[in-house]
Amino acid sequence: MEERIKRIYIPMTETGFYILYCLQQSQHGYGISQQVKDLTAGEVIISPGTMYGTLSKMERDGLISFIREEEKRKLYCMTELGRQILDIEIKRIERLYKNTHPGKL
């Protein structure tokens with residue numbers, strides 16, 4: 001993995017994290033936004049501009065890939081590089097939690 005990619009994505013923004021997390025299964029932007037809204041009980045709302053800008057950037061950087069178009073919606077999925085970045089970020093978040101909540105993890 002390129003250091004440049006790590007510098008760009010670690011630590012991740014909350015919206016970037018949720019977008020990548022949702023792409024463990026193929027999904028389109030609208031579906032991701034609905035899933036994030038459900039996961040966060042409405043606390044995180046991703047605007048279309050943020051969603052499609054982030055999807056475009058992640059695709060360009062190789063974290064996700066376009067699969068196909070269905071009913072005028074582009075379906076994406078996470079790549080192996082995206083999985084590596086997500087795993088690094090999850091471990092970072094777990095470490096933060098463990099360090100601030102001793103004995104809870």
# chains A, B, ... in the order shown; residues from 1 in each chain; ligands from 1

$ residues_around --residues "Ser47 (chain A)" --least-positions-apart "6" --cutoff "12 Å" --atoms "only C-alpha atoms" --output "PyMOL selection string"
chain A and resi 15+19+29-30+32-34+36-37+53-54

$ select_by_dssp --residues "chain A" --states "strand (DSSP E or B)" --output "PyMOL selection string"
chain A and resi 27+64-70+73-78

$ atom_distance --atom1 "CA of Gly16 (chain A)" --atom2 "CA of Lys74 (chain A)"
17.8 Å

$ atom_distance --atom1 "CA of Leu75 (chain A)" --atom2 "CA of Ser26 (chain A)"
6.1 Å

$ select_by_dssp --residues "chain A" --states "alpha helix (DSSP H)" --output "number ranges by chain"
A: 3-9, 14-22, 29-39, 48-60, 80-100

$ decode --residues "region 20-35 of chain A" --atoms "all heavy atoms" --output "mmCIF file, in the first residue's frame"
data_model
loop_
_atom_site.group_PDB
_atom_site.id
_atom_site.type_symbol
_atom_site.label_atom_id
_atom_site.label_comp_id
_atom_site.auth_asym_id
_atom_site.auth_seq_id
_atom_site.Cartn_x
_atom_site.Cartn_y
_atom_site.Cartn_z
ATOM 1 N N LEU A 20 -17.208 3.813 2.997
ATOM 2 C CA LEU A 20 -16.390 2.624 2.749
ATOM 3 C C LEU A 20 -16.958 1.413 3.484
ATOM 4 O O LEU A 20 -17.045 0.315 2.928
ATOM 5 C CB LEU A 20 -14.936 2.889 3.168
ATOM 6 C CG LEU A 20 -13.894 1.916 2.642
ATOM 7 C CD1 LEU A 20 -13.925 1.826 1.116
ATOM 8 C CD2 LEU A 20 -12.508 2.313 3.120
ATOM 9 N N TYR A 21 -17.387 1.611 4.712
ATOM 10 C CA TYR A 21 -17.974 0.526 5.495
ATOM 11 C C TYR A 21 -19.187 -0.077 4.774
ATOM 12 O O TYR A 21 -19.348 -1.292 4.709
ATOM 13 C CB TYR A 21 -18.373 1.048 6.879
ATOM 14 C CG TYR A 21 -19.013 0.008 7.756
ATOM 15 C CD1 TYR A 21 -18.231 -0.914 8.451
ATOM 16 C CD2 TYR A 21 -20.397 -0.082 7.872
ATOM 17 C CE1 TYR A 21 -18.810 -1.878 9.245
ATOM 18 C CE2 TYR A 21 -20.982 -1.051 8.666
ATOM 19 C CZ TYR A 21 -20.186 -1.951 9.341
ATOM 20 O OH TYR A 21 -20.773 -2.922 10.121
ATOM 21 N N CYS A 22 -20.029 0.773 4.226
ATOM 22 C CA CYS A 22 -21.230 0.300 3.528
ATOM 23 C C CYS A 22 -20.903 -0.429 2.234
ATOM 24 O O CYS A 22 -21.706 -1.235 1.753
ATOM 25 C CB CYS A 22 -22.174 1.469 3.246
ATOM 26 S SG CYS A 22 -22.950 2.139 4.740
ATOM 27 N N LEU A 23 -19.736 -0.173 1.675
ATOM 28 C CA LEU A 23 -19.374 -0.811 0.412
ATOM 29 C C LEU A 23 -18.717 -2.167 0.591
ATOM 30 O O LEU A 23 -18.116 -2.703 -0.340
ATOM 31 C CB LEU A 23 -18.504 0.132 -0.432
ATOM 32 C CG LEU A 23 -19.303 1.277 -1.041
ATOM 33 C CD1 LEU A 23 -18.383 2.292 -1.701
ATOM 34 C CD2 LEU A 23 -20.328 0.750 -2.035
ATOM 35 N N GLN A 24 -18.873 -2.764 1.764
ATOM 36 C CA GLN A 24 -18.448 -4.154 1.929
ATOM 37 C C GLN A 24 -19.324 -5.056 1.055
ATOM 38 O O GLN A 24 -18.937 -6.165 0.709
ATOM 39 C CB GLN A 24 -18.520 -4.573 3.392
ATOM 40 C CG GLN A 24 -17.502 -3.810 4.234
ATOM 41 C CD GLN A 24 -17.583 -4.180 5.680
ATOM 42 O OE1 GLN A 24 -16.959 -5.158 6.101
ATOM 43 N NE2 GLN A 24 -18.354 -3.427 6.436
ATOM 44 N N GLN A 25 -20.507 -4.541 0.725
ATOM 45 C CA GLN A 25 -21.406 -5.187 -0.241
ATOM 46 C C GLN A 25 -21.698 -4.147 -1.309
ATOM 47 O O GLN A 25 -21.745 -2.952 -1.012
ATOM 48 C CB GLN A 25 -22.699 -5.630 0.426
ATOM 49 C CG GLN A 25 -22.493 -6.683 1.473
ATOM 50 C CD GLN A 25 -23.806 -7.105 2.121
ATOM 51 O OE1 GLN A 25 -24.783 -6.361 2.108
ATOM 52 N NE2 GLN A 25 -23.808 -8.293 2.679
ATOM 53 N N SER A 26 -21.911 -4.578 -2.537
ATOM 54 C CA SER A 26 -22.141 -3.610 -3.611
ATOM 55 C C SER A 26 -23.362 -2.749 -3.294
ATOM 56 O O SER A 26 -24.334 -3.219 -2.711
ATOM 57 C CB SER A 26 -22.301 -4.323 -4.954
ATOM 58 O OG SER A 26 -23.415 -5.171 -4.945
ATOM 59 N N GLN A 27 -23.244 -1.486 -3.668
ATOM 60 C CA GLN A 27 -24.263 -0.509 -3.291
ATOM 61 C C GLN A 27 -24.138 0.714 -4.186
ATOM 62 O O GLN A 27 -23.083 0.975 -4.741
ATOM 63 C CB GLN A 27 -24.013 -0.125 -1.826
ATOM 64 C CG GLN A 27 -25.021 0.746 -1.166
ATOM 65 C CD GLN A 27 -26.318 0.046 -0.868
ATOM 66 O OE1 GLN A 27 -27.215 0.103 -1.703
ATOM 67 N NE2 GLN A 27 -26.425 -0.593 0.279
ATOM 68 N N HIS A 28 -25.190 1.474 -4.307
ATOM 69 C CA HIS A 28 -25.160 2.754 -5.019
ATOM 70 C C HIS A 28 -25.230 3.877 -3.990
ATOM 71 O O HIS A 28 -25.534 3.654 -2.815
ATOM 72 C CB HIS A 28 -26.294 2.856 -6.041
ATOM 73 C CG HIS A 28 -27.642 2.528 -5.488
ATOM 74 N ND1 HIS A 28 -28.338 3.391 -4.671
ATOM 75 C CD2 HIS A 28 -28.416 1.428 -5.628
ATOM 76 C CE1 HIS A 28 -29.486 2.841 -4.336
ATOM 77 N NE2 HIS A 28 -29.563 1.640 -4.902
ATOM 78 N N GLY A 29 -24.931 5.090 -4.438
ATOM 79 C CA GLY A 29 -24.850 6.235 -3.528
ATOM 80 C C GLY A 29 -26.087 6.450 -2.685
ATOM 81 O O GLY A 29 -25.985 6.675 -1.477
ATOM 82 N N TYR A 30 -27.265 6.388 -3.307
ATOM 83 C CA TYR A 30 -28.495 6.607 -2.538
ATOM 84 C C TYR A 30 -28.662 5.521 -1.479
ATOM 85 O O TYR A 30 -29.028 5.804 -0.330
ATOM 86 C CB TYR A 30 -29.717 6.645 -3.463
ATOM 87 C CG TYR A 30 -31.004 6.855 -2.704
ATOM 88 C CD1 TYR A 30 -31.323 8.106 -2.180
ATOM 89 C CD2 TYR A 30 -31.884 5.796 -2.470
ATOM 90 C CE1 TYR A 30 -32.490 8.302 -1.462
ATOM 91 C CE2 TYR A 30 -33.059 5.980 -1.754
ATOM 92 C CZ TYR A 30 -33.354 7.235 -1.251
ATOM 93 O OH TYR A 30 -34.502 7.423 -0.526
ATOM 94 N N GLY A 31 -28.374 4.277 -1.836
ATOM 95 C CA GLY A 31 -28.475 3.174 -0.876
ATOM 96 C C GLY A 31 -27.513 3.348 0.287
ATOM 97 O O GLY A 31 -27.855 3.077 1.443
ATOM 98 N N ILE A 32 -26.305 3.833 -0.020
ATOM 99 C CA ILE A 32 -25.324 4.088 1.038
ATOM 100 C C ILE A 32 -25.859 5.159 1.985
ATOM 101 O O ILE A 32 -25.800 5.001 3.205
ATOM 102 C CB ILE A 32 -23.969 4.531 0.445
ATOM 103 C CG1 ILE A 32 -23.330 3.393 -0.354
ATOM 104 C CG2 ILE A 32 -23.022 5.002 1.553
ATOM 105 C CD1 ILE A 32 -22.155 3.841 -1.210
ATOM 106 N N SER A 33 -26.390 6.240 1.423
ATOM 107 C CA SER A 33 -26.879 7.325 2.284
ATOM 108 C C SER A 33 -28.008 6.842 3.185
ATOM 109 O O SER A 33 -28.065 7.221 4.360
ATOM 110 C CB SER A 33 -27.304 8.545 1.465
ATOM 111 O OG SER A 33 -28.420 8.253 0.668
ATOM 112 N N GLN A 34 -28.875 5.996 2.674
ATOM 113 C CA GLN A 34 -29.961 5.455 3.493
ATOM 114 C C GLN A 34 -29.422 4.515 4.573
ATOM 115 O O GLN A 34 -29.884 4.538 5.716
ATOM 116 C CB GLN A 34 -30.980 4.725 2.613
ATOM 117 C CG GLN A 34 -31.746 5.649 1.688
ATOM 118 C CD GLN A 34 -32.440 6.767 2.445
ATOM 119 O OE1 GLN A 34 -33.267 6.547 3.313
ATOM 120 N NE2 GLN A 34 -32.084 8.007 2.130
ATOM 121 N N GLN A 35 -28.437 3.688 4.216
ATOM 122 C CA GLN A 35 -27.846 2.766 5.184
ATOM 123 C C GLN A 35 -27.140 3.532 6.304
ATOM 124 O O GLN A 35 -27.268 3.182 7.480
ATOM 125 C CB GLN A 35 -26.873 1.818 4.479
ATOM 126 C CG GLN A 35 -26.365 0.704 5.362
ATOM 127 C CD GLN A 35 -25.490 -0.280 4.608
ATOM 128 O OE1 GLN A 35 -25.335 -0.223 3.400
ATOM 129 N NE2 GLN A 35 -24.907 -1.209 5.349
#
